[in-house]
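With compact mmCIF, C-alpha atoms inside, this is start.txt:
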```txt
# COMPACT_ATOMS: atom_id res chain seq x y z
CA MET A 1 63.93 1.50 -19.98
CA ALA A 2 63.10 5.03 -21.12
CA LEU A 3 64.51 6.30 -24.41
CA ILE A 4 67.31 8.70 -23.47
CA LYS A 5 68.95 10.17 -26.53
CA SER A 6 71.79 12.60 -27.15
CA VAL A 7 71.24 15.31 -29.76
CA ARG A 8 73.58 18.05 -31.03
CA GLY A 9 76.18 17.06 -28.43
CA PHE A 10 73.75 17.28 -25.48
CA THR A 11 73.00 14.24 -23.34
CA PRO A 12 70.16 14.39 -20.79
CA LYS A 13 71.22 14.54 -17.13
CA ILE A 14 68.87 12.76 -14.76
CA GLY A 15 69.04 13.37 -10.99
CA ASP A 16 69.17 10.70 -8.30
CA GLY A 17 66.03 8.78 -7.43
CA CYS A 18 64.10 9.63 -10.58
CA PHE A 19 61.55 7.29 -12.13
CA LEU A 20 61.35 7.16 -15.92
CA ALA A 21 58.59 5.01 -17.42
CA GLU A 22 59.71 2.49 -20.03
CA ASN A 23 58.28 4.49 -22.93
CA ALA A 24 59.10 8.00 -21.71
CA THR A 25 61.41 9.88 -24.10
CA ILE A 26 64.07 12.33 -22.93
CA VAL A 27 66.18 13.95 -25.64
CA GLY A 28 69.04 16.42 -25.77
CA ASP A 29 69.61 19.39 -23.46
CA VAL A 30 67.51 18.23 -20.49
CA VAL A 31 68.63 18.53 -16.87
CA MET A 32 66.36 16.99 -14.22
CA GLY A 33 66.71 17.26 -10.45
CA GLU A 34 66.25 14.57 -7.80
CA GLY A 35 63.15 12.50 -7.08
CA CYS A 36 61.31 13.34 -10.30
CA SER A 37 58.99 11.09 -12.23
CA VAL A 38 58.34 11.06 -15.96
CA TRP A 39 55.39 8.83 -16.80
CA PHE A 40 54.24 6.77 -19.75
CA ASN A 41 54.42 8.37 -23.21
CA ALA A 42 55.76 11.67 -21.86
CA VAL A 43 58.30 13.43 -24.11
CA LEU A 44 60.93 15.92 -22.94
CA ARG A 45 62.48 17.14 -26.16
CA GLY A 46 65.50 19.37 -25.57
CA ASP A 47 66.64 19.11 -29.17
CA VAL A 48 66.49 22.80 -30.11
CA ASN A 49 66.91 24.46 -26.69
CA SER A 50 67.19 23.64 -23.00
CA ILE A 51 64.76 22.07 -20.56
CA ARG A 52 65.52 22.48 -16.84
CA ILE A 53 63.48 20.62 -14.22
CA GLY A 54 63.84 21.02 -10.45
CA ASN A 55 63.45 18.44 -7.70
CA HIS A 56 60.38 16.28 -7.01
CA VAL A 57 58.58 17.20 -10.22
CA ASN A 58 56.08 14.79 -11.72
CA ILE A 59 55.38 14.88 -15.43
CA GLN A 60 52.39 12.72 -16.06
CA ASP A 61 51.39 10.45 -18.94
CA GLY A 62 51.35 11.88 -22.45
CA SER A 63 52.81 15.30 -21.60
CA VAL A 64 55.17 17.04 -24.03
CA LEU A 65 57.83 19.61 -23.11
CA HIS A 66 59.52 21.37 -26.01
CA THR A 67 61.00 24.77 -26.96
CA LEU A 68 61.30 27.21 -29.82
CA TYR A 69 64.65 27.06 -31.61
CA GLU A 70 67.06 29.54 -29.99
CA LYS A 71 64.15 31.63 -28.66
CA SER A 72 62.55 29.92 -25.65
CA THR A 73 63.43 27.42 -22.94
CA VAL A 74 61.44 25.33 -20.49
CA GLU A 75 62.14 25.94 -16.81
CA ILE A 76 60.24 24.04 -14.12
CA GLY A 77 60.82 24.62 -10.42
CA ASN A 78 60.58 22.21 -7.47
CA TYR A 79 57.48 20.25 -6.43
CA VAL A 80 55.63 21.00 -9.65
CA SER A 81 52.89 18.67 -10.90
CA VAL A 82 52.35 18.52 -14.65
CA GLY A 83 49.07 16.70 -15.34
CA HIS A 84 48.28 14.14 -18.03
CA ASN A 85 48.56 15.31 -21.66
CA VAL A 86 49.96 18.76 -20.86
CA THR A 87 51.96 20.68 -23.46
CA ILE A 88 54.60 23.07 -22.13
CA HIS A 89 56.26 24.86 -25.02
CA GLY A 90 59.00 27.26 -23.98
CA ALA A 91 57.38 28.35 -20.70
CA ILE A 92 58.49 28.89 -17.10
CA VAL A 93 56.72 27.18 -14.20
CA HIS A 94 57.78 28.14 -10.66
CA ASP A 95 57.91 26.00 -7.47
CA TYR A 96 54.75 24.28 -6.18
CA ALA A 97 52.66 25.09 -9.26
CA LEU A 98 50.05 22.66 -10.57
CA ILE A 99 49.37 22.40 -14.29
CA GLY A 100 46.04 20.62 -14.83
CA MET A 101 45.38 17.82 -17.29
CA GLY A 102 45.33 18.78 -20.95
CA ALA A 103 46.53 22.35 -20.35
CA THR A 104 48.80 24.09 -22.86
CA LEU A 105 51.43 26.70 -21.95
CA LEU A 106 52.86 28.60 -24.91
CA ASP A 107 56.24 30.26 -25.45
CA HIS A 108 57.33 32.80 -22.82
CA ALA A 109 54.31 32.21 -20.56
CA GLU A 110 55.19 32.22 -16.87
CA VAL A 111 53.32 30.46 -14.06
CA GLY A 112 54.07 31.84 -10.59
CA GLU A 113 54.91 29.93 -7.42
CA GLY A 114 51.99 27.88 -6.14
CA ALA A 115 49.75 28.88 -9.03
CA ILE A 116 47.17 26.53 -10.52
CA VAL A 117 46.35 26.26 -14.22
CA ALA A 118 43.00 24.50 -14.61
CA ALA A 119 42.59 21.40 -16.75
CA GLY A 120 42.14 22.10 -20.45
CA SER A 121 43.35 25.70 -20.22
CA LEU A 122 45.32 27.53 -22.89
CA VAL A 123 47.91 29.92 -21.46
CA LEU A 124 48.90 32.21 -24.31
CA GLY A 125 52.50 33.19 -24.91
CA LYS A 126 53.91 35.99 -22.72
CA THR A 127 51.08 35.59 -20.16
CA ARG A 128 52.20 36.14 -16.55
CA ILE A 129 50.31 34.17 -13.92
CA GLY A 130 51.09 35.53 -10.48
CA PRO A 131 52.02 33.51 -7.40
CA TYR A 132 49.11 31.55 -5.89
CA GLU A 133 46.67 32.53 -8.62
CA VAL A 134 44.17 30.15 -10.20
CA TRP A 135 43.68 30.56 -13.95
CA GLY A 136 41.47 28.66 -16.37
CA GLY A 137 39.76 28.73 -19.74
CA VAL A 138 40.62 29.21 -23.39
CA PRO A 139 42.37 31.54 -23.37
CA ALA A 140 43.19 31.26 -19.66
CA LYS A 141 42.06 34.10 -17.42
CA PHE A 142 42.43 34.89 -13.72
CA ILE A 143 39.81 33.12 -11.55
CA LYS A 144 40.87 33.67 -7.93
CA LYS A 145 43.75 33.66 -5.43
CA ALA A 146 44.82 30.39 -3.77
CA GLU A 147 46.05 29.95 -0.18
CA PRO A 148 49.87 29.60 -0.20
CA GLU A 149 50.12 27.13 2.69
CA GLN A 150 47.37 24.92 1.26
CA THR A 151 48.75 24.96 -2.29
CA ASN A 152 52.33 24.18 -1.22
CA GLU A 153 51.17 21.34 1.05
CA ILE A 154 48.98 19.83 -1.69
CA ASN A 155 51.84 19.84 -4.19
CA ARG A 156 54.28 18.34 -1.66
CA LYS A 157 51.75 15.53 -1.12
CA ILE A 158 51.29 15.02 -4.85
CA ALA A 159 55.08 14.83 -5.33
CA HIS A 160 55.32 12.34 -2.45
CA ASN A 161 52.50 10.26 -3.92
CA TYR A 162 54.13 10.12 -7.35
CA ALA A 163 57.41 9.01 -5.77
CA MET A 164 55.44 6.24 -4.01
CA TYR A 165 53.71 5.22 -7.27
CA ALA A 166 57.10 5.05 -8.98
CA SER A 167 58.36 2.69 -6.28
CA TRP A 168 55.53 0.27 -7.14
CA TYR A 169 56.84 -0.04 -10.71
CA GLU A 170 60.46 -0.39 -9.61
CA GLN A 171 59.61 -3.37 -7.38
CA GLU A 172 58.24 -5.46 -10.23
```

As structure tokens, the full file:
Amino acid sequence: MALIKSVRGFTPKIGDGCFLAENATIVGDVVMGEGCSVWFNAVLRGDVNSIRIGNHVNIQDGSVLHTLYEKSTVEIGNYVSVGHNVTIHGAIVHDYALIGMGATLLDHAEVGEGAIVAAGSLVLGKTRIGPYEVWGGVPAKFIKKAEPEQTNEINRKIAHNYAMYASWYEQE
């Protein structure tokens, strides 16, 4: 069972139908919607400020979500995919966005609806990525526009797939 820990009077709230890997860690002021998955070695640390996660979000292996004490929060919309080993520190990620493996989002960065942050990218604090934009690099820069219908459909499929993968673990 995942480590779910209260801190400073806050106990994580986990929505219905969520999958939490045995060694995932969820601490403090974390509220997660329905049908989410938090995979192996992921850490959601709401010890110094809040983390809010929508419905059907997958947070893949080794990712860390954290905030800056009394200055930033993490907000993640619906149908968001957070790739392996991503760090989201006090950033906002809107619905249907995809955060590629190993990317880092710093305090007060904002990723628009359906946007894609390429693997290994560094999104500097206060950066605004517009809806359906593709950004990549260190530091991340605009690459091109994405097709809204295609991006939303891809992220719905990814969310569905992660829910299916979670069911494999729950059956054993």

Set the distance at 8 Å and use all atoms listed in the file: which residues neighbour A:Leu98 once local chain neighbours fewer than 5 positions away are removed? I'd like the list as a PyMOL selection string. chain A and resi 80-83+114-117+155

Pick from A:Val57, A:Val111, A:Leu3, A:Val43 nearest to A:Gly15, counting all atoms listed in the file: A:Val57

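With only C-alpha atoms as the atoms that count, the residue of A:Gly102, A:Gly33, A:Gly90, A:Gly17 with the shortest distance to A:Asn49 is A:Gly90.
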
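All residues that come within 9 Å of the coordinates (62.3, 25.8, -9.3), counting all atoms listed in the file, are given as A:Arg52, A:Ile53, A:Gly54, A:Asn55, A:Glu75, A:Ile76, A:Gly77, A:Asn78, A:Tyr79, A:Val80, A:Val93, A:His94, A:Asp95, A:Tyr96, A:Glu113.
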
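The gap separating atom CA of A:Lys141 from atom CA of A:Ile88 is 17.4 Å, in Å to one decimal.
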
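Separating atom CA of A:Ala24 from atom CA of A:Phe40 is a distance of 5.4 Å.
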
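Picture a line from atom CA of A:Tyr162 to atom CA of A:Cys18; it runs 10.5 Å.
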